[in-house]
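Student: So I've got this file, my_file-v3.pdb, and it contains PDB, C-alpha atoms:
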ATOM      1  CA  MET A   1      39.304  71.187-188.958  1.00  0.00           C
ATOM      2  CA  LYS A   2      38.149  71.233-192.584  1.00  0.00           C
ATOM      3  CA  LYS A   3      35.267  68.956-193.470  1.00  0.00           C
ATOM      4  CA  VAL A   4      36.854  67.923-196.746  1.00  0.00           C
ATOM      5  CA  LEU A   5      39.867  66.567-194.882  1.00  0.00           C
ATOM      6  CA  LEU A   6      37.694  64.642-192.496  1.00  0.00           C
ATOM      7  CA  THR A   7      35.664  63.228-195.352  1.00  0.00           C
ATOM      8  CA  ALA A   8      38.840  61.924-196.954  1.00  0.00           C
ATOM      9  CA  ALA A   9      39.968  60.457-193.664  1.00  0.00           C
ATOM     10  CA  VAL A  10      36.587  58.803-193.208  1.00  0.00           C
ATOM     11  CA  SER A  11      36.807  57.173-196.613  1.00  0.00           C
ATOM     12  CA  ALA A  12      40.410  56.050-196.280  1.00  0.00           C
ATOM     13  CA  GLY A  13      40.834  55.544-192.561  1.00  0.00           C
ATOM     14  CA  LEU A  14      37.689  53.745-191.461  1.00  0.00           C
ATOM     15  CA  GLY A  15      36.162  52.447-194.651  1.00  0.00           C
ATOM     16  CA  LEU A  16      32.743  53.071-193.172  1.00  0.00           C
ATOM     17  CA  ALA A  17      30.913  54.389-196.199  1.00  0.00           C
ATOM     18  CA  MET A  18      28.773  51.387-195.422  1.00  0.00           C
ATOM     19  CA  ILE A  19      28.735  48.789-192.676  1.00  0.00           C
ATOM     20  CA  SER A  20      27.759  45.579-194.394  1.00  0.00           C
ATOM     21  CA  PRO A  21      24.997  43.224-193.297  1.00  0.00           C
ATOM     22  CA  VAL A  22      27.703  40.690-192.421  1.00  0.00           C
ATOM     23  CA  MET A  23      29.144  43.104-189.894  1.00  0.00           C
ATOM     24  CA  ALA A  24      25.706  43.706-188.432  1.00  0.00           C
ATOM     25  CA  GLN A  25      24.989  39.999-188.280  1.00  0.00           C
ATOM     26  CA  GLU A  26      28.217  39.439-186.359  1.00  0.00           C
ATOM     27  CA  ALA A  27      27.159  42.076-183.871  1.00  0.00           C
ATOM     28  CA  ALA A  28      23.646  40.689-183.525  1.00  0.00           C
ATOM     29  CA  PRO A  29      23.400  37.168-184.910  1.00  0.00           C
ATOM     30  CA  ALA A  30      20.080  36.594-183.176  1.00  0.00           C
ATOM     31  CA  ALA A  31      18.388  39.601-184.760  1.00  0.00           C
ATOM     32  CA  SER A  32      15.263  38.627-186.675  1.00  0.00           C
ATOM     33  CA  ALA A  33      14.253  39.917-190.103  1.00  0.00           C
ATOM     34  CA  ALA A  34      11.408  41.841-188.455  1.00  0.00           C
ATOM     35  CA  ARG A  35      13.931  43.944-186.546  1.00  0.00           C
ATOM     36  CA  SER A  36      16.052  44.768-189.595  1.00  0.00           C
ATOM     37  CA  ALA A  37      16.589  48.466-190.123  1.00  0.00           C
ATOM     38  CA  TYR A  38      18.686  50.961-192.026  1.00  0.00           C
ATOM     39  CA  LEU A  39      20.725  53.460-190.015  1.00  0.00           C
ATOM     40  CA  VAL A  40      22.851  56.466-190.946  1.00  0.00           C
ATOM     41  CA  VAL A  41      25.748  58.115-189.140  1.00  0.00           C
ATOM     42  CA  ASP A  42      27.536  61.380-189.912  1.00  0.00           C
ATOM     43  CA  LEU A  43      31.174  60.456-189.387  1.00  0.00           C
ATOM     44  CA  ASN A  44      32.340  64.032-189.959  1.00  0.00           C
ATOM     45  CA  ARG A  45      30.228  65.141-187.006  1.00  0.00           C
ATOM     46  CA  VAL A  46      31.410  62.183-184.971  1.00  0.00           C
ATOM     47  CA  VAL A  47      34.985  63.421-185.403  1.00  0.00           C
ATOM     48  CA  GLN A  48      34.350  67.162-185.185  1.00  0.00           C
ATOM     49  CA  GLU A  49      32.185  66.999-182.068  1.00  0.00           C
ATOM     50  CA  SER A  50      34.126  64.288-180.256  1.00  0.00           C
ATOM     51  CA  ALA A  51      35.636  64.868-176.846  1.00  0.00           C
ATOM     52  CA  ALA A  52      38.855  63.308-178.148  1.00  0.00           C
ATOM     53  CA  LEU A  53      39.282  65.930-180.880  1.00  0.00           C
ATOM     54  CA  LYS A  54      38.586  68.737-178.424  1.00  0.00           C
ATOM     55  CA  ALA A  55      41.261  67.317-176.121  1.00  0.00           C
ATOM     56  CA  ALA A  56      43.748  67.044-178.993  1.00  0.00           C
ATOM     57  CA  GLN A  57      42.980  70.487-180.450  1.00  0.00           C
ATOM     58  CA  PRO A  58      45.521  72.452-178.359  1.00  0.00           C
ATOM     59  CA  THR A  59      48.329  70.251-179.668  1.00  0.00           C
ATOM     60  CA  LEU A  60      47.107  70.567-183.253  1.00  0.00           C
ATOM     61  CA  ASP A  61      46.731  74.342-182.898  1.00  0.00           C
ATOM     62  CA  SER A  62      50.243  74.631-181.472  1.00  0.00           C
ATOM     63  CA  LYS A  63      51.765  72.724-184.392  1.00  0.00           C
ATOM     64  CA  ARG A  64      49.773  74.715-186.956  1.00  0.00           C
ATOM     65  CA  ASN A  65      50.703  78.041-185.356  1.00  0.00           C
ATOM     66  CA  ALA A  66      54.370  77.054-185.256  1.00  0.00           C
ATOM     67  CA  LEU A  67      54.223  76.147-188.943  1.00  0.00           C
ATOM     68  CA  GLU A  68      52.569  79.418-189.925  1.00  0.00           C
ATOM     69  CA  SER A  69      55.042  81.433-187.850  1.00  0.00           C
ATOM     70  CA  LYS A  70      58.044  79.645-189.358  1.00  0.00           C
ATOM     71  CA  LEU A  71      56.680  80.123-192.864  1.00  0.00           C
ATOM     72  CA  LYS A  72      56.236  83.877-192.364  1.00  0.00           C
ATOM     73  CA  THR A  73      59.716  84.229-190.855  1.00  0.00           C
ATOM     74  CA  LEU A  74      61.421  82.369-193.684  1.00  0.00           C
ATOM     75  CA  GLN A  75      59.497  84.278-196.340  1.00  0.00           C
ATOM     76  CA  SER A  76      60.478  87.602-194.784  1.00  0.00           C
ATOM     77  CA  GLN A  77      64.134  86.599-194.608  1.00  0.00           C
ATOM     78  CA  LEU A  78      64.244  85.384-198.199  1.00  0.00           C
ATOM     79  CA  GLU A  79      62.452  88.475-199.502  1.00  0.00           C
ATOM     80  CA  ALA A  80      64.881  90.747-197.640  1.00  0.00           C
ATOM     81  CA  ASP A  81      67.909  88.839-198.981  1.00  0.00           C
ATOM     82  CA  ALA A  82      66.540  88.913-202.519  1.00  0.00           C
ATOM     83  CA  LYS A  83      65.877  92.644-202.294  1.00  0.00           C
ATOM     84  CA  ALA A  84      69.390  93.325-201.004  1.00  0.00           C
ATOM     85  CA  LEU A  85      70.891  91.252-203.803  1.00  0.00           C
ATOM     86  CA  GLN A  86      68.834  93.107-206.392  1.00  0.00           C
ATOM     87  CA  GLN A  87      70.000  96.451-205.027  1.00  0.00           C
ATOM     88  CA  GLN A  88      73.634  95.339-205.232  1.00  0.00           C
ATOM     89  CA  ALA A  89      73.147  94.213-208.817  1.00  0.00           C
ATOM     90  CA  GLU A  90      71.528  97.500-209.844  1.00  0.00           C
ATOM     91  CA  SER A  91      74.119  99.661-208.083  1.00  0.00           C
ATOM     92  CA  GLY A  92      77.087  97.884-209.666  1.00  0.00           C
ATOM     93  CA  ILE A  93      78.865  97.720-206.307  1.00  0.00           C
ATOM     94  CA  ALA A  94      79.508  93.975-206.437  1.00  0.00           C
ATOM     95  CA  ALA A  95      81.419  92.203-209.178  1.00  0.00           C
ATOM     96  CA  PRO A  96      79.480  89.778-211.426  1.00  0.00           C
ATOM     97  CA  ASP A  97      81.181  86.703-209.948  1.00  0.00           C
ATOM     98  CA  VAL A  98      80.324  87.897-206.439  1.00  0.00           C
ATOM     99  CA  LEU A  99      76.688  88.419-207.431  1.00  0.00           C
ATOM    100  CA  GLN A 100      76.528  84.938-208.950  1.00  0.00           C
ATOM    101  CA  ALA A 101      77.930  83.415-205.756  1.00  0.00           C
ATOM    102  CA  LYS A 102      75.401  85.287-203.640  1.00  0.00           C
ATOM    103  CA  GLN A 103      72.588  84.221-205.968  1.00  0.00           C
ATOM    104  CA  ARG A 104      73.589  80.573-205.582  1.00  0.00           C
ATOM    105  CA  GLU A 105      73.723  81.055-201.830  1.00  0.00           C
ATOM    106  CA  LEU A 106      70.225  82.555-201.853  1.00  0.00           C
ATOM    107  CA  GLN A 107      68.896  79.635-203.905  1.00  0.00           C
ATOM    108  CA  GLN A 108      70.398  77.145-201.468  1.00  0.00           C
ATOM    109  CA  LYS A 109      68.866  79.057-198.578  1.00  0.00           C
ATOM    110  CA  ALA A 110      65.461  78.949-200.275  1.00  0.00           C
ATOM    111  CA  GLN A 111      65.752  75.190-200.859  1.00  0.00           C
ATOM    112  CA  LYS A 112      66.655  74.631-197.224  1.00  0.00           C
ATOM    113  CA  ALA A 113      63.651  76.725-196.154  1.00  0.00           C
ATOM    114  CA  ASP A 114      61.372  74.687-198.402  1.00  0.00           C
ATOM    115  CA  GLN A 115      62.626  71.467-196.836  1.00  0.00           C
ATOM    116  CA  GLU A 116      62.146  72.816-193.322  1.00  0.00           C
ATOM    117  CA  VAL A 117      58.573  73.906-194.035  1.00  0.00           C
ATOM    118  CA  ALA A 118      57.785  70.611-195.767  1.00  0.00           C
ATOM    119  CA  THR A 119      59.005  68.694-192.716  1.00  0.00           C
ATOM    120  CA  MET A 120      56.796  70.734-190.397  1.00  0.00           C
ATOM    121  CA  ARG A 121      53.782  70.359-192.701  1.00  0.00           C
ATOM    122  CA  ASN A 122      54.311  66.620-192.844  1.00  0.00           C
ATOM    123  CA  ASP A 123      54.523  66.422-189.057  1.00  0.00           C
ATOM    124  CA  TYR A 124      51.292  68.387-188.661  1.00  0.00           C
ATOM    125  CA  GLY A 125      49.502  66.293-191.259  1.00  0.00           C
ATOM    126  CA  ARG A 126      50.631  63.026-189.688  1.00  0.00           C
ATOM    127  CA  THR A 127      49.515  64.197-186.252  1.00  0.00           C
ATOM    128  CA  GLU A 128      46.111  65.320-187.503  1.00  0.00           C
ATOM    129  CA  ASN A 129      45.548  62.083-189.424  1.00  0.00           C
ATOM    130  CA  HIS A 130      46.629  60.036-186.397  1.00  0.00           C
ATOM    131  CA  VAL A 131      44.063  61.790-184.214  1.00  0.00           C
ATOM    132  CA  VAL A 132      41.239  61.435-186.756  1.00  0.00           C
ATOM    133  CA  ASN A 133      41.989  57.773-187.452  1.00  0.00           C
ATOM    134  CA  GLN A 134      41.903  56.922-183.738  1.00  0.00           C
ATOM    135  CA  ILE A 135      38.517  58.600-183.370  1.00  0.00           C
ATOM    136  CA  LEU A 136      37.129  56.776-186.379  1.00  0.00           C
ATOM    137  CA  GLU A 137      38.448  53.448-185.128  1.00  0.00           C
ATOM    138  CA  GLY A 138      37.009  54.204-181.697  1.00  0.00           C
ATOM    139  CA  SER A 139      33.594  54.711-183.260  1.00  0.00           C
ATOM    140  CA  ARG A 140      33.499  51.149-184.583  1.00  0.00           C
ATOM    141  CA  PRO A 141      32.578  49.335-181.357  1.00  0.00           C
ATOM    142  CA  VAL A 142      30.062  52.047-180.477  1.00  0.00           C
ATOM    143  CA  ILE A 143      28.344  51.734-183.853  1.00  0.00           C
ATOM    144  CA  ASN A 144      28.384  47.954-183.594  1.00  0.00           C
ATOM    145  CA  GLN A 145      26.730  48.171-180.196  1.00  0.00           C
ATOM    146  CA  ILE A 146      23.947  50.328-181.634  1.00  0.00           C
ATOM    147  CA  ILE A 147      23.572  47.898-184.541  1.00  0.00           C
ATOM    148  CA  GLN A 148      23.014  45.125-182.057  1.00  0.00           C
ATOM    149  CA  GLU A 149      20.549  47.120-179.993  1.00  0.00           C
ATOM    150  CA  ARG A 150      18.455  48.149-182.996  1.00  0.00           C
ATOM    151  CA  GLY A 151      18.760  44.974-185.007  1.00  0.00           C
ATOM    152  CA  ALA A 152      20.122  46.922-187.970  1.00  0.00           C
ATOM    153  CA  THR A 153      21.437  45.273-191.112  1.00  0.00           C
ATOM    154  CA  LEU A 154      22.901  48.322-192.851  1.00  0.00           C
ATOM    155  CA  VAL A 155      24.588  51.524-191.716  1.00  0.00           C
ATOM    156  CA  LEU A 156      25.421  54.260-194.223  1.00  0.00           C
ATOM    157  CA  ASN A 157      27.671  57.285-193.933  1.00  0.00           C
ATOM    158  CA  ARG A 158      25.431  60.379-193.911  1.00  0.00           C
ATOM    159  CA  ASP A 159      27.410  61.913-196.798  1.00  0.00           C
ATOM    160  CA  ALA A 160      26.275  59.060-199.036  1.00  0.00           C
ATOM    161  CA  VAL A 161      22.565  59.595-198.283  1.00  0.00           C
ATOM    162  CA  VAL A 162      20.339  62.200-199.955  1.00  0.00           C
ATOM    163  CA  PHE A 163      17.641  62.014-197.303  1.00  0.00           C
ATOM    164  CA  ALA A 164      17.207  60.113-194.051  1.00  0.00           C
ATOM    165  CA  ASN A 165      14.582  60.375-191.356  1.00  0.00           C
ATOM    166  CA  SER A 166      16.036  61.598-188.074  1.00  0.00           C
ATOM    167  CA  SER A 167      14.742  58.468-186.376  1.00  0.00           C
ATOM    168  CA  ILE A 168      17.403  56.369-188.101  1.00  0.00           C
ATOM    169  CA  ASP A 169      20.258  58.868-187.638  1.00  0.00           C
ATOM    170  CA  ILE A 170      22.491  57.539-184.840  1.00  0.00           C
ATOM    171  CA  THR A 171      25.101  60.318-184.994  1.00  0.00           C
ATOM    172  CA  GLY A 172      24.110  62.010-181.743  1.00  0.00           C
ATOM    173  CA  ASP A 173      23.984  58.685-179.942  1.00  0.00           C
ATOM    174  CA  VAL A 174      27.452  57.747-181.198  1.00  0.00           C
ATOM    175  CA  ILE A 175      28.907  61.096-180.125  1.00  0.00           C
ATOM    176  CA  ALA A 176      27.316  60.882-176.676  1.00  0.00           C
ATOM    177  CA  ARG A 177      28.593  57.364-176.043  1.00  0.00           C
ATOM    178  CA  MET A 178      32.094  58.211-177.228  1.00  0.00           C
ATOM    179  CA  GLN A 179      32.332  60.988-174.645  1.00  0.00           C
ATOM    180  CA  LYS A 180      32.873  58.144-172.190  1.00  0.00           C
ATOM    181  CA  SER A 181      34.373  55.430-174.343  1.00  0.00           C
ATOM    182  CA  LEU A 182      37.045  57.637-175.985  1.00  0.00           C
ATOM    183  CA  PRO A 183      37.595  60.932-174.129  1.00  0.00           C
ATOM    184  CA  THR A 184      41.174  61.325-175.364  1.00  0.00           C
ATOM    185  CA  VAL A 185      43.532  59.980-178.024  1.00  0.00           C
ATOM    186  CA  SER A 186      47.271  60.055-178.587  1.00  0.00           C
ATOM    187  CA  THR A 187      48.701  63.094-180.373  1.00  0.00           C
ATOM    188  CA  THR A 188      52.017  61.380-181.089  1.00  0.00           C
ATOM    189  CA  PRO A 189      51.871  59.560-184.425  1.00  0.00           C
ATOM    190  CA  PRO A 190      54.059  56.507-184.966  1.00  0.00           C
ATOM    191  CA  ALA A 191      57.395  57.181-186.591  1.00  0.00           C
ATOM    192  CA  PRO A 192      57.226  56.966-190.388  1.00  0.00           C
ATOM    193  CA  GLN A 193      58.512  53.685-191.716  1.00  0.00           C
ATOM    194  CA  ALA A 194      61.853  53.897-193.456  1.00  0.00           C
ATOM    195  CA  ALA A 195      61.877  52.929-197.092  1.00  0.00           C
ATOM    196  CA  GLN A 196      62.870  49.326-197.511  1.00  0.00           C
ATOM    197  CA  GLN A 197      66.328  48.805-198.938  1.00  0.00           C
ATOM    198  CA  PRO A 198      66.468  46.621-202.072  1.00  0.00           C
ATOM    199  CA  ALA A 199      67.763  43.131-201.419  1.00  0.00           C
ATOM    200  CA  ALA A 200      71.432  42.679-202.191  1.00  0.00           C
ATOM    201  CA  LYS A 201      72.149  40.625-205.276  1.00  0.00           C
ATOM    202  CA  LYS A 202      73.907  37.361-204.639  1.00  0.00           C
TER     203      LYS A 202
END
Would you put the structure from the file into structure tokens?
Tutor:
Amino acid sequence: MKKVLLTAAVSAGLGLAMISPVMAQEAAPAASAARSAYLVVDLNRVVQESAALKAAQPTLDSKRNALESKLKTLQSQLEADAKALQQQAESGIAAPDVLQAKQRELQQKAQKADQEVATMRNDYGRTENHVVNQILEGSRPVINQIIQERGATLVLNRDAVVFANSSIDITGDVIARMQKSLPTVSTTPPAPQAAQQPAAKK
């Protein structure tokens, strides 16, 4: 899974570029100022190395392979049809009106192929995002637990930090705990919501 995609999902799905002091205080209201600490977590690693992603990977691979196979098949068919049409046009066998009809038919076939591929791409993307979002959401209680244990007041996403001592990096701890707390996730995303119909005018 590409890191850039996961980074986008981290930013949009979890909103954990930074866990605010308020969040930390809710997790550990009794923490004293002396125990305050800054922590960092690499959310990309949390997703990539999670047991849940490994469990979901066969489903994601199957959808991606099906998409790639369908794309190659449709491209081959369209290229063969276009080549045959070009040969007919150059040979003069078919009348102009027949060639125009076949050209329109080929264009319609190409549009249908585009729609089919777009549907499969959308399904794959929705499934992948659904998996990633569940993992990110599942990391919340684990991170909050570590906040409480360490008396932290601020947790930053590792991508937003230039340098951090390994002693404040909780990534490995989060991953290890999530092996038990979230071993699997659903690979069936919710059905897309239908566009709302405009209210009828009275």
Student: Which polymer residues have any atom within 9 Å of an atom of Tyr124 of chain A, counting all atoms listed in the file, with same-chain residues fewer than 4 positions away left out, as an mmCIF file with C-alpha atoms, in the coordinates of the input?
Tutor:
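Saved as part-v2.cif:
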data_model
loop_
_atom_site.group_PDB
_atom_site.id
_atom_site.type_symbol
_atom_site.label_atom_id
_atom_site.label_comp_id
_atom_site.auth_asym_id
_atom_site.auth_seq_id
_atom_site.Cartn_x
_atom_site.Cartn_y
_atom_site.Cartn_z
ATOM 1 C CA LEU A 60 47.107 70.567 -183.253
ATOM 2 C CA LYS A 63 51.765 72.724 -184.392
ATOM 3 C CA ARG A 64 49.773 74.715 -186.956
ATOM 4 C CA LEU A 67 54.223 76.147 -188.943
ATOM 5 C CA THR A 119 59.005 68.694 -192.716
ATOM 6 C CA MET A 120 56.796 70.734 -190.397
ATOM 7 C CA GLU A 128 46.111 65.320 -187.503
ATOM 8 C CA ASN A 129 45.548 62.083 -189.424
#
Student: What do you get, as an MDAnalysis selection string, if you spell out every residue that the PyMOL selection byres ((chain A and resi 146) around 12) selects here?
Tutor: chainID A and resid 24 27:28 37:41 139:145 147:155 168:175 177
Student: Mind checking which residues fall within 8 Å of Leu106 of chain A, counting all atoms listed in the file, ignoring those fewer than 4 positions away in the same chain, and posting them as a ChimeraX atom specification?
Tutor: /A:78,81-82,102,110
Student: List the residues selected by the PyMOL selection byres ((chain A and resi 57) around 12) in the file shown, writing them as a list in words.
Tutor: Met1, Val47, Gln48, Glu49, Ser50, Ala51, Ala52, Leu53, Lys54, Ala55, Ala56, Pro58, Thr59, Leu60, Asp61, Ser62, Lys63, Arg64, Asn65, Tyr124, Thr127, Glu128, Val131, Val132, Thr184, Val185, Ser186 and Thr187 of chain A
Student: Generate a file of the selected residues that holds C-alpha atoms, formatted as a PDB file, in the frame of the given file.
Tutor:
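Output (out-v1.pdb):
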ATOM      1  CA  MET A   1      39.304  71.187-188.958  1.00  0.00           C
ATOM      2  CA  VAL A  47      34.985  63.421-185.403  1.00  0.00           C
ATOM      3  CA  GLN A  48      34.350  67.162-185.185  1.00  0.00           C
ATOM      4  CA  GLU A  49      32.185  66.999-182.068  1.00  0.00           C
ATOM      5  CA  SER A  50      34.126  64.288-180.256  1.00  0.00           C
ATOM      6  CA  ALA A  51      35.636  64.868-176.846  1.00  0.00           C
ATOM      7  CA  ALA A  52      38.855  63.308-178.148  1.00  0.00           C
ATOM      8  CA  LEU A  53      39.282  65.930-180.880  1.00  0.00           C
ATOM      9  CA  LYS A  54      38.586  68.737-178.424  1.00  0.00           C
ATOM     10  CA  ALA A  55      41.261  67.317-176.121  1.00  0.00           C
ATOM     11  CA  ALA A  56      43.748  67.044-178.993  1.00  0.00           C
ATOM     12  CA  PRO A  58      45.521  72.452-178.359  1.00  0.00           C
ATOM     13  CA  THR A  59      48.329  70.251-179.668  1.00  0.00           C
ATOM     14  CA  LEU A  60      47.107  70.567-183.253  1.00  0.00           C
ATOM     15  CA  ASP A  61      46.731  74.342-182.898  1.00  0.00           C
ATOM     16  CA  SER A  62      50.243  74.631-181.472  1.00  0.00           C
ATOM     17  CA  LYS A  63      51.765  72.724-184.392  1.00  0.00           C
ATOM     18  CA  ARG A  64      49.773  74.715-186.956  1.00  0.00           C
ATOM     19  CA  ASN A  65      50.703  78.041-185.356  1.00  0.00           C
ATOM     20  CA  TYR A 124      51.292  68.387-188.661  1.00  0.00           C
ATOM     21  CA  THR A 127      49.515  64.197-186.252  1.00  0.00           C
ATOM     22  CA  GLU A 128      46.111  65.320-187.503  1.00  0.00           C
ATOM     23  CA  VAL A 131      44.063  61.790-184.214  1.00  0.00           C
ATOM     24  CA  VAL A 132      41.239  61.435-186.756  1.00  0.00           C
ATOM     25  CA  THR A 184      41.174  61.325-175.364  1.00  0.00           C
ATOM     26  CA  VAL A 185      43.532  59.980-178.024  1.00  0.00           C
ATOM     27  CA  SER A 186      47.271  60.055-178.587  1.00  0.00           C
ATOM     28  CA  THR A 187      48.701  63.094-180.373  1.00  0.00           C
TER      29      THR A 187
END
Student: Which residue, A:Ala95, A:Gln103, A:Leu136, A:Pro183, has the smallest gap to Lys83 of chain A when you use only C-alpha atoms?
Tutor: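 Comparing A:Ala95, A:Gln103, A:Leu136, A:Pro183 against Lys83 of chain A, the winner is A:Gln103.
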Student: Using only C-alpha atoms, can you tell me which of A:Arg45, A:Ser91, A:Arg121, A:Asp97 comes closest to Leu71 of chain A?
Tutor: A:Arg121
Student: Atom CA of Gln87 of chain A and atom CA of Thr73 of chain A, how far apart in Å?
Tutor: 21.4 Å
Student: One decimal, Å: what's the distance from atom CA of Val98 of chain A over to atom CA of Asp114 of chain A, could you say?
Tutor: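 We find that atom CA of Val98 of chain A and atom CA of Asp114 of chain A lie 24.5 Å from each other.
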Student: One number please: atom CA of Lys70 of chain A to atom CA of Lys112 of chain A, in Å, one decimal.
Tutor: 12.7 Å
Student: With distances taken over all atoms listed in the file, which residue among A:Ser69, A:Val117, A:Asp42, A:Met178 lies nearest Gln134 of chain A?
Tutor: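 With all atoms listed in the file as the atom set, the closest residue is A:Met178.
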